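What's in work.cif: mmCIF, C-alpha atoms
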data_run
#
loop_
_atom_site.label_atom_id
_atom_site.label_comp_id
_atom_site.auth_asym_id
_atom_site.auth_seq_id
_atom_site.Cartn_x
_atom_site.Cartn_y
_atom_site.Cartn_z
CA MET A 1 -2.58 199.20 226.88
CA THR A 2 -2.57 196.82 224.00
CA VAL A 3 0.26 194.75 222.71
CA GLN A 4 1.49 195.57 219.22
CA GLY A 5 1.60 192.76 216.71
CA ASP A 6 -0.40 189.60 216.49
CA SER A 7 1.79 186.95 218.06
CA ALA A 8 0.12 185.17 220.94
CA GLU A 9 3.53 184.83 222.57
CA GLN A 10 4.22 188.55 222.74
CA GLU A 11 5.67 189.70 225.99
CA TRP A 12 4.67 193.00 227.45
CA VAL A 13 7.90 194.94 227.75
CA ASP A 14 8.86 198.59 227.84
CA ASP A 15 6.08 200.87 226.58
CA HIS A 16 3.83 197.95 225.72
CA ALA A 17 3.60 197.04 229.38
CA GLY A 18 1.97 200.40 230.08
CA PRO A 19 3.20 203.19 232.29
CA VAL A 20 5.28 202.30 235.33
CA VAL A 21 3.21 204.70 237.38
CA ARG A 22 -0.52 204.28 236.85
CA PRO A 23 -2.36 207.46 235.76
CA TYR A 24 -4.37 207.64 238.96
CA ALA A 25 -1.19 207.57 241.03
CA VAL A 26 -0.02 210.75 239.29
CA THR A 27 -3.23 212.50 240.33
CA ARG A 28 -3.29 210.79 243.74
CA GLY A 29 -6.53 209.07 242.92
CA ARG A 30 -8.42 212.09 241.64
CA ALA A 31 -10.46 211.68 238.49
CA ARG A 32 -11.66 215.29 238.12
CA PRO A 33 -9.84 218.61 238.22
CA VAL A 34 -10.53 220.90 241.19
CA THR A 35 -11.41 223.66 238.74
CA GLY A 36 -11.89 224.12 235.00
CA THR A 37 -13.09 221.87 232.18
CA PHE A 38 -10.10 221.84 229.81
CA ASP A 39 -11.14 221.09 226.28
CA LEU A 40 -8.53 219.24 224.19
CA ILE A 41 -7.73 222.53 222.46
CA SER A 42 -7.84 224.80 225.50
CA LEU A 43 -4.60 226.74 225.34
CA VAL A 44 -2.32 226.84 228.34
CA MET A 45 0.53 229.19 229.16
CA ALA A 46 2.64 229.26 232.31
CA THR A 47 2.54 232.45 234.35
CA ARG A 48 5.91 231.80 235.97
CA ALA A 49 9.25 230.68 234.62
CA ASP A 50 10.08 228.28 237.42
CA VAL A 51 7.94 226.55 240.01
CA ALA A 52 10.42 224.00 241.32
CA SER A 53 10.47 225.78 244.69
CA GLU A 54 6.67 225.57 245.10
CA SER A 55 5.65 223.04 247.72
CA GLY A 56 3.05 220.41 247.06
CA LEU A 57 3.66 220.05 243.34
CA GLY A 58 4.55 216.73 241.77
CA PRO A 59 7.12 216.27 239.01
CA GLU A 60 4.32 216.20 236.43
CA HIS A 61 3.06 219.61 237.60
CA VAL A 62 6.55 221.00 237.22
CA ALA A 63 6.89 219.36 233.80
CA ILE A 64 3.65 221.00 232.61
CA VAL A 65 4.82 224.44 233.72
CA GLY A 66 8.13 223.83 231.96
CA LEU A 67 6.38 222.77 228.76
CA CYS A 68 3.96 225.70 228.90
CA GLN A 69 6.64 228.35 228.83
CA ARG A 70 5.52 228.18 225.22
CA MET A 71 1.79 228.04 224.68
CA GLN A 72 0.42 224.50 224.38
CA SER A 73 -3.00 222.95 224.01
CA VAL A 74 -4.21 220.37 226.52
CA ALA A 75 -3.84 217.71 223.83
CA GLU A 76 -0.23 218.73 223.18
CA ILE A 77 0.63 218.64 226.88
CA ALA A 78 -0.79 215.13 227.13
CA ALA A 79 1.11 213.99 224.05
CA HIS A 80 4.45 215.50 225.05
CA LEU A 81 4.31 214.21 228.62
CA ASP A 82 2.88 210.86 227.53
CA LEU A 83 0.06 211.14 230.03
CA PRO A 84 -3.64 210.43 229.44
CA VAL A 85 -5.70 213.56 228.81
CA GLY A 86 -7.80 212.95 231.92
CA THR A 87 -4.69 212.97 234.08
CA VAL A 88 -3.46 216.19 232.51
CA ARG A 89 -6.83 217.84 233.20
CA VAL A 90 -6.53 217.06 236.91
CA LEU A 91 -2.98 218.40 237.07
CA LEU A 92 -3.98 221.56 235.17
CA GLY A 93 -6.80 222.13 237.64
CA ASP A 94 -4.23 222.18 240.43
CA LEU A 95 -2.07 224.66 238.52
CA VAL A 96 -4.99 226.95 237.71
CA ALA A 97 -6.05 226.92 241.36
CA ARG A 98 -2.58 228.23 242.24
CA ASN A 99 -2.51 230.73 239.36
CA LEU A 100 0.56 229.04 237.93
CA VAL A 101 -0.93 228.76 234.44
CA GLN A 102 -3.47 230.75 232.48
CA VAL A 103 -5.94 228.95 230.26
CA ARG A 104 -7.94 230.09 227.26
CA GLU A 105 -10.95 227.93 226.58
CA PRO A 106 -11.94 227.60 222.91
CA ARG A 107 -15.08 229.23 221.64
CA ALA A 108 -18.10 226.99 221.87
CA THR A 109 -19.21 226.57 218.30
CA THR A 110 -22.18 224.26 218.47
CA ALA A 111 -24.60 227.18 218.67
CA GLY A 112 -22.53 230.28 218.20
CA LEU A 113 -19.84 229.56 215.65
CA PRO A 114 -16.87 231.88 215.45
CA ASP A 115 -17.63 234.85 213.25
CA ASP A 116 -16.83 235.00 209.54
CA SER A 117 -13.60 236.82 210.18
CA VAL A 118 -12.21 233.71 211.87
CA PHE A 119 -13.11 231.52 208.89
CA GLU A 120 -11.61 234.03 206.49
CA ALA A 121 -8.45 234.30 208.56
CA VAL A 122 -8.02 230.52 208.56
CA ILE A 123 -8.63 230.27 204.80
CA ASN A 124 -6.15 233.04 204.08
CA GLY A 125 -3.68 231.57 206.55
CA LEU A 126 -3.88 228.15 204.90
CA ARG A 127 -3.42 229.66 201.44
CA ALA A 128 -0.34 231.50 202.65
CA LEU A 129 1.31 228.42 204.13
CA MET B 1 -18.39 229.86 226.42
CA ASP B 2 -15.89 232.27 224.99
CA PHE B 3 -14.57 233.16 228.36
CA GLY B 4 -11.29 234.84 227.76
CA PRO B 5 -9.00 235.00 230.75
CA SER B 6 -10.37 237.60 233.13
CA GLU B 7 -7.56 237.90 235.62
CA ARG B 8 -4.54 237.78 233.39
CA PRO B 9 -1.36 238.97 235.03
CA ALA B 10 -0.14 242.31 233.76
CA GLY B 11 2.34 242.11 230.94
CA VAL B 12 1.27 238.67 229.70
CA ALA B 13 0.11 238.64 226.10
CA PRO B 14 -3.43 237.37 225.46
CA LEU B 15 -3.57 233.75 224.41
CA PRO B 16 -4.72 232.95 220.88
CA THR B 17 -8.05 231.41 219.97
CA ALA B 18 -7.89 227.72 219.10
CA ILE B 19 -10.20 226.06 216.61
CA LYS B 20 -10.37 222.49 215.41
CA ILE B 21 -11.18 220.45 212.36
CA LEU B 22 -11.73 216.69 212.41
CA ILE B 23 -10.44 214.16 209.89
CA ALA B 24 -12.66 211.08 209.86
CA GLY B 25 -13.10 207.99 207.74
CA GLY B 26 -12.54 204.26 207.79
CA PHE B 27 -9.53 202.36 209.04
CA GLY B 28 -6.41 202.82 206.93
CA VAL B 29 -7.92 205.49 204.69
CA GLY B 30 -5.15 207.98 205.43
CA LYS B 31 -6.43 210.10 208.33
CA THR B 32 -3.10 210.32 210.13
CA THR B 33 -1.34 210.82 206.79
CA MET B 34 -3.47 213.87 206.12
CA VAL B 35 -2.95 215.19 209.64
CA GLY B 36 0.80 214.87 209.07
CA ALA B 37 0.63 216.50 205.64
CA VAL B 38 -0.85 219.74 206.95
CA SER B 39 0.64 219.90 210.45
CA GLU B 40 3.59 222.16 211.16
CA THR B 41 4.92 219.54 213.56
CA ARG B 42 5.00 215.79 213.20
CA PRO B 43 1.62 214.38 214.20
CA LEU B 44 1.25 213.95 217.94
CA ARG B 45 -0.68 211.20 219.65
CA THR B 46 -2.79 211.73 222.71
CA GLU B 47 -4.61 209.11 224.67
CA GLU B 48 -7.77 209.08 226.68
CA VAL B 49 -7.99 206.35 229.28
CA LEU B 50 -11.60 205.42 229.72
CA THR B 51 -13.16 203.28 232.33
CA GLU B 52 -15.17 200.45 230.85
CA THR B 53 -18.21 201.67 232.73
CA GLY B 54 -17.96 204.78 230.58
CA VAL B 55 -18.35 202.62 227.49
CA GLY B 56 -21.72 201.62 228.79
CA ILE B 57 -21.79 198.05 227.61
CA ASP B 58 -19.94 196.17 230.30
CA ASP B 59 -20.91 195.36 233.83
CA LEU B 60 -17.77 195.65 235.91
CA SER B 61 -19.00 193.80 238.97
CA GLY B 62 -16.71 190.93 239.76
CA VAL B 63 -14.39 191.59 236.85
CA GLU B 64 -10.92 192.28 238.13
CA GLU B 65 -8.74 192.62 235.07
CA LYS B 66 -10.93 194.75 232.88
CA GLY B 67 -10.50 198.27 234.11
CA THR B 68 -9.78 200.67 231.31
CA THR B 69 -9.68 201.13 227.55
CA THR B 70 -7.28 203.44 225.81
CA VAL B 71 -8.40 205.50 222.83
CA ALA B 72 -5.65 207.15 220.81
CA MET B 73 -6.07 210.26 218.69
CA ASP B 74 -3.50 211.69 216.30
CA PHE B 75 -3.48 215.41 215.79
CA GLY B 76 -1.47 218.24 214.34
CA ARG B 77 -1.22 221.99 214.67
CA ILE B 78 -1.20 224.87 212.19
CA THR B 79 -0.40 228.31 213.57
CA ILE B 80 -2.47 230.68 211.45
CA SER B 81 -1.46 233.89 213.19
CA ASP B 82 -0.50 235.26 216.59
CA ASP B 83 -4.10 235.00 217.71
CA LEU B 84 -5.37 231.96 215.85
CA VAL B 85 -4.27 228.33 216.04
CA LEU B 86 -5.87 225.51 214.08
CA TYR B 87 -5.77 221.93 215.38
CA VAL B 88 -6.54 219.00 213.12
CA PHE B 89 -7.63 215.79 214.84
CA GLY B 90 -7.85 212.34 213.32
CA THR B 91 -10.84 210.60 214.85
CA PRO B 92 -10.36 207.25 216.52
CA GLY B 93 -11.53 204.65 214.04
CA GLN B 94 -13.37 202.30 216.30
CA ASP B 95 -17.07 202.78 216.06
CA ARG B 96 -17.61 201.93 219.70
CA PHE B 97 -15.86 205.13 220.72
CA TRP B 98 -18.62 207.46 219.57
CA PHE B 99 -18.56 209.30 222.89
CA VAL B 100 -14.96 210.28 222.17
CA TRP B 101 -16.19 211.60 218.85
CA ASP B 102 -18.77 213.62 220.76
CA GLU B 103 -16.02 215.30 222.73
CA LEU B 104 -13.98 215.89 219.59
CA ALA B 105 -16.91 217.18 217.57
CA LEU B 106 -17.98 219.62 220.27
CA GLY B 107 -16.87 223.00 219.04
CA ALA B 108 -15.32 221.65 215.82
CA ILE B 109 -15.88 223.99 212.90
CA GLY B 110 -16.16 221.09 210.48
CA ALA B 111 -14.94 217.68 209.39
CA VAL B 112 -13.25 216.03 206.45
CA VAL B 113 -14.52 212.53 205.72
CA LEU B 114 -11.78 210.68 203.88
CA ALA B 115 -13.03 208.02 201.50
CA ASP B 116 -11.35 205.20 199.63
CA THR B 117 -13.38 204.22 196.56
CA ARG B 118 -12.32 200.59 196.98
CA ARG B 119 -14.06 200.55 200.37
CA LEU B 120 -16.58 203.32 200.09
CA ALA B 121 -18.87 201.86 202.74
CA ASP B 122 -16.18 202.38 205.39
CA CYS B 123 -16.99 206.07 205.52
CA PHE B 124 -20.77 205.65 205.94
CA PRO B 125 -20.65 205.76 209.76
CA SER B 126 -18.66 209.01 209.70
CA ILE B 127 -21.08 210.62 207.25
CA ASP B 128 -24.08 209.49 209.29
CA TYR B 129 -22.46 210.87 212.41
CA PHE B 130 -21.75 214.36 211.05
CA GLU B 131 -25.12 214.55 209.26
CA GLY B 132 -26.84 213.65 212.52
CA ARG B 133 -24.91 216.24 214.47
CA GLY B 134 -25.23 218.97 211.88
CA THR B 135 -21.47 219.35 211.66
CA PRO B 136 -20.45 220.78 208.25
CA PHE B 137 -18.33 218.24 206.36
CA VAL B 138 -16.79 217.54 202.99
CA VAL B 139 -15.94 214.17 201.48
CA ALA B 140 -12.38 213.87 200.21
CA VAL B 141 -11.66 210.86 198.03
CA ASN B 142 -8.09 209.81 198.73
CA CYS B 143 -6.54 208.78 195.42
CA PHE B 144 -4.56 205.72 196.29
CA GLU B 145 -2.24 204.47 193.63
CA GLY B 146 -3.88 201.73 191.66
CA ALA B 147 -7.34 202.63 192.88
CA ARG B 148 -9.93 202.76 190.18
CA GLN B 149 -10.82 206.35 189.41
CA HIS B 150 -14.44 207.15 189.95
CA ARG B 151 -16.24 210.21 188.83
CA LEU B 152 -17.03 212.45 191.74
CA ASP B 153 -20.73 212.56 190.92
CA GLU B 154 -20.75 208.76 191.12
CA VAL B 155 -19.24 208.94 194.57
CA GLN B 156 -21.76 211.59 195.57
CA ALA B 157 -24.62 209.38 194.38
CA ALA B 158 -23.18 206.25 195.99
CA LEU B 159 -22.90 208.00 199.32
CA ASN B 160 -26.40 209.46 198.97
CA LEU B 161 -25.06 212.84 199.95
CA ASP B 162 -26.95 216.06 200.17
CA PRO B 163 -26.16 217.84 196.85
CA GLY B 164 -24.62 220.71 198.78
CA VAL B 165 -21.91 218.56 200.34
CA PRO B 166 -18.65 219.06 198.44
CA VAL B 167 -16.90 215.93 197.15
CA VAL B 168 -13.28 216.43 196.13
CA LEU B 169 -10.32 214.33 195.07
CA CYS B 170 -7.17 214.54 197.14
CA ASP B 171 -3.81 212.99 197.82
CA ALA B 172 -3.59 212.84 201.60
CA ARG B 173 0.21 212.59 201.41
CA GLN B 174 0.51 215.96 199.71
CA ARG B 175 0.48 219.13 201.73
CA GLU B 176 -0.97 221.30 198.95
CA SER B 177 -3.72 218.82 198.19
CA SER B 178 -4.64 218.39 201.86
CA LYS B 179 -4.60 222.17 202.37
CA GLU B 180 -7.07 222.54 199.48
CA VAL B 181 -9.38 220.05 201.18
CA LEU B 182 -9.30 222.08 204.40
CA ILE B 183 -9.97 225.30 202.48
CA THR B 184 -12.94 223.65 200.70
CA LEU B 185 -14.26 222.58 204.10
CA LEU B 186 -13.93 226.07 205.59
CA GLU B 187 -15.70 227.64 202.61
CA HIS B 188 -18.45 225.04 202.88
CA ALA B 189 -18.77 225.64 206.63
CA MET B 190 -19.16 229.36 206.01
CA LYS B 191 -21.88 228.73 203.43
CA THR B 192 -23.68 226.30 205.74
CA ARG B 193 -23.59 228.84 208.49
CA GLU B 194 -24.90 231.58 206.25
CA ALA B 195 -27.74 229.31 205.05
CA ARG B 196 -28.70 228.48 208.62
CA ARG B 197 -28.67 232.13 209.56
CA ARG B 198 -31.02 232.91 206.67
CA ALA B 199 -33.29 230.04 207.69
CA VAL B 200 -33.60 231.52 211.16
CA ASP B 201 -34.38 235.03 209.91
#
What does this structure look like when you write it as structure tokens?
Amino acid sequence: MTVQGDSAEQEWVDDHAGPVVRPYAVTRGRARPVTGTFDLISLVMATRADVASESGLGPEHVAIVGLCQRMQSVAEIAAHLDLPVGTVRVLLGDLVARNLVQVREPRATTAGLPDDSVFEAVINGLRAL
Amino acid sequence: MDFGPSERPAGVAPLPTAIKILIAGGFGVGKTTMVGAVSETRPLRTEEVLTETGVGIDDLSGVEEKGTTTVAMDFGRITISDDLVLYVFGTPGQDRFWFVWDELALGAIGAVVLADTRRLADCFPSIDYFEGRGTPFVVAVNCFEGARQHRLDEVQAALNLDPGVPVVLCDARQRESSKEVLITLLEHAMKTREARRRAVD
């Protein structure tokens, strides 16, 4: 975390001091998800309305399920929960392993780009905005 | 890798397809402004926490207080339809974070390189990057107030661009103008794709 501003006498307070709980504490030390890869734009949707009664879930797991009652990308989950993307990936792996969320990976487009209909749909969609 | 969900619970609607476009360019050129102009929500910020060993230039042995670096990316969302969502990501400006660019560029359908004619050289690294990767891109000259107007062909020549790369003027603050840039990019990406397909045949 960097300090905003250029004063050498800045104190690190509030958000500038970084999270109270370090990212690795949220994942209990795990750096990689148990399953899945989770691109930044993989789309996530909860499969259940409420998971508070599930054992073994942390508050961040519950928060993700709450957020994903509406479809969200991995990047959006990270932004809304103010967690690093890597942390969110680990938590999502736990949720996928328990079938508490469904995930749609984006199409790989390095070799096989989406077909023309996708491009045309985006162009038309943008024009209509 | 288009693995749609295979064991979707009954009664749950299929999730849409997500695609992404990158907005690149030098520091302060208006990347986040453009993201905000087209996004249906205010731009969001996501952070990747990277270990310094991942950066590949530091030896961590014996260094206690130098654990991680945070790279921030601003992005926005445009819902095209029930089954298509477009995400627009501003690339992190620091050149040392190329490996974050690699993650962002993977699967991106194209990129907008924003240019400021007062500091044209600032966008060279972005252009080199997308040329090297083969990612379709357009150059959008952000018309800052007070900036000297250049002719687009002058910009094209100064950047030594392939003649096929579109160069357009834009106002990154304006939704309509930024939308036009994205549409130009998509049309260019389609053409690029068609040309590559013909080259293979």
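Residue nearest chain B, chosen from A:Ala31, A:Val51, A:Leu91, A:Val65 and counting all atoms listed in the file: A:Ala31.
Minimum atom-to-atom distance to chain A, evaluated using all atoms listed in the file, belongs to B:Met190 out of B:Met190, B:Val112, B:Ala195, B:Cys143.
When atom CA of Leu159 of chain B is paired with atom CA of Asp102 of chain B, their separation reads 22.5 Å.
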Expected selection from the PyMOL selection byres ((chain A) within 9 of (chain B)), given as a ChimeraX atom specification:
/A:1-2,23,39-45,47,71,73,75-80,82-87,102-111,113-114,116,118-127,129
List every protein, DNA or RNA residue with an atom no more than 12 Å from (-7.0, 204.4, 207.4) in the file's coordinates, counting only C-alpha atoms, and format the result as a tab-separated table (two decimals) with C-alpha atoms, keeping the file's coordinate frame.
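Full text of out14.tsv as output:
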chain	number	residue	atom	x	y	z
B	23	ILE	CA	-10.44	214.16	209.89
B	24	ALA	CA	-12.66	211.08	209.86
B	25	GLY	CA	-13.10	207.99	207.74
B	26	GLY	CA	-12.54	204.26	207.79
B	27	PHE	CA	-9.53	202.36	209.04
B	28	GLY	CA	-6.41	202.82	206.93
B	29	VAL	CA	-7.92	205.49	204.69
B	30	GLY	CA	-5.15	207.98	205.43
B	31	LYS	CA	-6.43	210.10	208.33
B	32	THR	CA	-3.10	210.32	210.13
B	33	THR	CA	-1.34	210.82	206.79
B	34	MET	CA	-3.47	213.87	206.12
B	35	VAL	CA	-2.95	215.19	209.64
B	90	GLY	CA	-7.85	212.34	213.32
B	91	THR	CA	-10.84	210.60	214.85
B	92	PRO	CA	-10.36	207.25	216.52
B	93	GLY	CA	-11.53	204.65	214.04
B	94	GLN	CA	-13.37	202.30	216.30
B	113	VAL	CA	-14.52	212.53	205.72
B	114	LEU	CA	-11.78	210.68	203.88
B	115	ALA	CA	-13.03	208.02	201.50
B	116	ASP	CA	-11.35	205.20	199.63
B	119	ARG	CA	-14.06	200.55	200.37
B	122	ASP	CA	-16.18	202.38	205.39
B	123	CYS	CA	-16.99	206.07	205.52
B	142	ASN	CA	-8.09	209.81	198.73
B	144	PHE	CA	-4.56	205.72	196.29
B	172	ALA	CA	-3.59	212.84	201.60
Contacts of segment 165-167 of chain B at 6 Å (only C-alpha atoms; same-chain gap of 3+ positions) as a PDB file with C-alpha atoms, keeping the file's coordinate frame:
ATOM      1  CA  VAL B 138     -16.790 217.540 202.990  1.00  0.00           C
ATOM      2  CA  VAL B 139     -15.940 214.170 201.480  1.00  0.00           C
ATOM      3  CA  ALA B 140     -12.380 213.870 200.210  1.00  0.00           C
ATOM      4  CA  ASP B 162     -26.950 216.060 200.170  1.00  0.00           C
TER       5      ASP B 162
END
I'd like to see the residues matched by the PyMOL selection byres ((chain A and resi 64) around 10) on this file, and ideally I'd get them as a PyMOL selection string.
chain A and resi 44-46+59-63+65-69+72+74+77-78+80-81+88+91-92+95+101
For the residues in that selection, give me C-alpha atoms as a compact mmCIF listing (two decimals), in the frame of the given file.
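Heads up, here's the output in selection-v9.txt:
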# COMPACT_ATOMS: atom_id res chain seq x y z
CA VAL A 44 -2.32 226.84 228.34
CA MET A 45 0.53 229.19 229.16
CA ALA A 46 2.64 229.26 232.31
CA PRO A 59 7.12 216.27 239.01
CA GLU A 60 4.32 216.20 236.43
CA HIS A 61 3.06 219.61 237.60
CA VAL A 62 6.55 221.00 237.22
CA ALA A 63 6.89 219.36 233.80
CA VAL A 65 4.82 224.44 233.72
CA GLY A 66 8.13 223.83 231.96
CA LEU A 67 6.38 222.77 228.76
CA CYS A 68 3.96 225.70 228.90
CA GLN A 69 6.64 228.35 228.83
CA GLN A 72 0.42 224.50 224.38
CA VAL A 74 -4.21 220.37 226.52
CA ILE A 77 0.63 218.64 226.88
CA ALA A 78 -0.79 215.13 227.13
CA HIS A 80 4.45 215.50 225.05
CA LEU A 81 4.31 214.21 228.62
CA VAL A 88 -3.46 216.19 232.51
CA LEU A 91 -2.98 218.40 237.07
CA LEU A 92 -3.98 221.56 235.17
CA LEU A 95 -2.07 224.66 238.52
CA VAL A 101 -0.93 228.76 234.44
Enclosing box along x, y and z for every listed atom of segment 99-102 of chain A, padded 6 Å each side, centre and size in Å, one decimal, as AutoDock Vina command-line options:
--center_x -1.5 --center_y 229.8 --center_z 235.9 --size_x 16.0 --size_y 14.0 --size_z 18.9
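In this model, the gap between atom CA of Gly56 of chain A and atom CA of Arg70 of chain A comes to 23.3 Å.
For the set B:Val141, B:Asp128, B:Asp153, B:Ala158, the residue with the smallest atom-to-atom gap to Cys170 of chain B is B:Val141, counting all atoms listed in the file.
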Quick one: distance from atom CA of Ser178 of chain B to atom CA of Ser39 of chain B in Å, one decimal?
10.2 Å
